[in-house]
Amino acid sequence: MQLEEEIKQEKFKTQEQKLTVNLIFTYYWLLDRLKDRLRPHDISMQQYNVLRILRGQGNNPATINLLKERMLDKSSDASRLVERLRVKGLVERITCPMDRRAVEIRISGKGLDLLKKIDDEEKQANEVCHSLKSQEVRNLNDLLDKLRD
């Protein structure tokens with residue numbers, strides 16, 4: 001469906017304005033679908049992002065600062081997110097033996113199992129791109145990268 005129909009707006013001042021509104025609209029459209037996928041697992045988008053970062057660290061622990069640097073939502077409170085994940089048993093906080101003020105964070109086995117389950121479901125969730133051909137997906141990725149340059 002065309003953006004104009006979706007938001008009940010007949011026209012835009014410029015194509016650039018339409019692009020901006022379209023990107024914002026599409027972001028929220030995608031976010032709603034991702035939230036629906038995560039709701040049964042009782043984790044937020046930000047918590048999911050933290051778990052994925054920690055899994056990507058492999059055997060290397062992460063610090064709160066590393067998580068803040070790599071998170072998609074830079075306004076998130078990484079310390080609070082980690083604590084919520086720790087309470088759920090999805091991450092472990094380990095006091096650094098070299099510097100007792102420093103804390104290392106690792107994903108737990110339970111956290112890895114949850115991500116595996118979500119990964120299996122993600123194959124079905126990628127249907128949001130079903131209307132695009134492979135080359136169109138690559139082109140869109142390239143254009144979005146270019147837009148941020």
# chains A, B, ... in the order shown; residues from 1 in each chain; ligands from 1

call {"tool": "select_by_dssp", "arguments": {"residues": "chain A", "states": "helix (DSSP H, G or I)", "output": "count of residues only"}}
result
97

call {"tool": "residues_around", "arguments": {"residues": "Leu3 (chain A)", "least_positions_apart": "3", "cutoff": "12 Å", "atoms": "only C-alpha atoms", "output": "PyMOL selection string"}}
result
chain A and resi 6-12+15+17-26+29

call {"tool": "residues_around", "arguments": {"residues": "Gln57 (chain A)", "least_positions_apart": "5", "cutoff": "10 Å", "atoms": "only C-alpha atoms", "output": "PyMOL selection string"}}
result
chain A and resi 51-52+62+106-107

call {"tool": "write_last_selection", "arguments": {"atoms": "N, CA and C atoms", "output": "CSV table (one decimal), in the first residue's frame"}}
result
chain,number,residue,atom,x,y,z
A,51,LEU,N,21.4,-9.2,24.0
A,51,LEU,CA,21.7,-10.7,23.9
A,51,LEU,C,22.5,-11.0,22.6
A,52,ARG,N,22.1,-10.4,21.5
A,52,ARG,CA,22.8,-10.6,20.3
A,52,ARG,C,24.2,-10.1,20.3
A,62,ALA,N,31.8,-8.8,27.8
A,62,ALA,CA,31.6,-7.4,27.3
A,62,ALA,C,31.5,-6.5,28.6
A,106,ARG,N,28.5,-11.7,30.4
A,106,ARG,CA,28.5,-12.8,29.4
A,106,ARG,C,27.0,-13.3,29.3
A,107,ILE,N,26.7,-13.8,28.1
A,107,ILE,CA,25.4,-14.4,27.9
A,107,ILE,C,25.5,-15.8,28.5

call {"tool": "residues_around", "arguments": {"residues": "region 90-105 of chain A", "least_positions_apart": "2", "cutoff": "9 Å", "atoms": "only C-alpha atoms", "output": "ChimeraX atom specification"}}
result
/A:51,54,61-64,82-88,107-112,114

call {"tool": "atom_distance", "arguments": {"atom1": "CA of Lys74 (chain A)", "atom2": "CA of Met45 (chain A)"}}
result
12.5 Å

call {"tool": "atom_distance", "arguments": {"atom1": "CA of Glu121 (chain A)", "atom2": "CA of Ile53 (chain A)"}}
result
18.6 Å

call {"tool": "select_by_dssp", "arguments": {"residues": "region 7-117 of chain A", "states": "strand (DSSP E or B)", "output": "list of chain:residue names"}}
result
A:Ala62, A:Val91, A:Glu92, A:Arg93, A:Ile94, A:Thr95, A:Val103, A:Glu104, A:Ile105, A:Arg106, A:Ile107

call {"tool": "write_last_selection", "arguments": {"atoms": "N, CA and C atoms", "output": "short mmCIF file (atom, residue, chain, number, x, y, z; two decimals), in the first residue's frame"}}
result
data_model
loop_
_atom_site.label_atom_id
_atom_site.label_comp_id
_atom_site.auth_asym_id
_atom_site.auth_seq_id
_atom_site.Cartn_x
_atom_site.Cartn_y
_atom_site.Cartn_z
N ALA A 62 31.82 -8.81 27.77
CA ALA A 62 31.56 -7.43 27.34
C ALA A 62 31.49 -6.55 28.58
N VAL A 91 21.80 -13.56 31.29
CA VAL A 91 23.19 -13.10 31.28
C VAL A 91 23.79 -13.29 32.67
N GLU A 92 25.11 -13.24 32.70
CA GLU A 92 25.84 -13.33 33.98
C GLU A 92 26.72 -12.10 34.11
N ARG A 93 26.73 -11.55 35.31
CA ARG A 93 27.64 -10.43 35.61
C ARG A 93 28.77 -10.98 36.45
N ILE A 94 29.99 -10.73 36.03
CA ILE A 94 31.16 -11.27 36.73
C ILE A 94 32.06 -10.11 37.11
N THR A 95 32.42 -10.04 38.37
CA THR A 95 33.34 -9.00 38.82
C THR A 95 34.73 -9.34 38.30
N VAL A 103 32.95 -4.67 35.79
CA VAL A 103 32.05 -5.82 35.69
C VAL A 103 32.07 -6.32 34.26
N GLU A 104 32.20 -7.63 34.12
CA GLU A 104 32.15 -8.26 32.81
C GLU A 104 30.80 -8.94 32.66
N ILE A 105 30.27 -8.90 31.46
CA ILE A 105 28.95 -9.48 31.20
C ILE A 105 29.09 -10.54 30.12
N ARG A 106 28.46 -11.69 30.39
CA ARG A 106 28.46 -12.79 29.43
C ARG A 106 27.04 -13.31 29.29
N ILE A 107 26.74 -13.81 28.10
CA ILE A 107 25.44 -14.44 27.89
C ILE A 107 25.47 -15.81 28.54
#

call {"tool": "residues_around", "arguments": {"residues": "Pro40 (chain A)", "least_positions_apart": "4", "cutoff": "12 Å", "atoms": "only C-alpha atoms", "output": "short mmCIF file (atom, residue, chain, number, x, y, z; two decimals) with C-alpha atoms, in the first residue's frame"}}
result
data_model
loop_
_atom_site.label_atom_id
_atom_site.label_comp_id
_atom_site.auth_asym_id
_atom_site.auth_seq_id
_atom_site.Cartn_x
_atom_site.Cartn_y
_atom_site.Cartn_z
CA LEU A 34 9.53 -7.41 15.83
CA LYS A 35 7.88 -6.61 19.17
CA ASP A 36 5.13 -9.12 18.36
CA SER A 44 12.19 -6.17 24.74
CA LEU A 114 16.53 -18.31 23.89
CA LYS A 117 14.74 -20.39 19.56
CA ILE A 118 14.23 -16.84 18.28
CA GLU A 121 11.45 -18.31 14.35
#

call {"tool": "closest_residue", "arguments": {"among": "A:Arg37, A:Lys13, A:Arg80, A:Lys133", "to": "Asp120 (chain A)", "atoms": "only C-alpha atoms"}}
result
A:Arg37
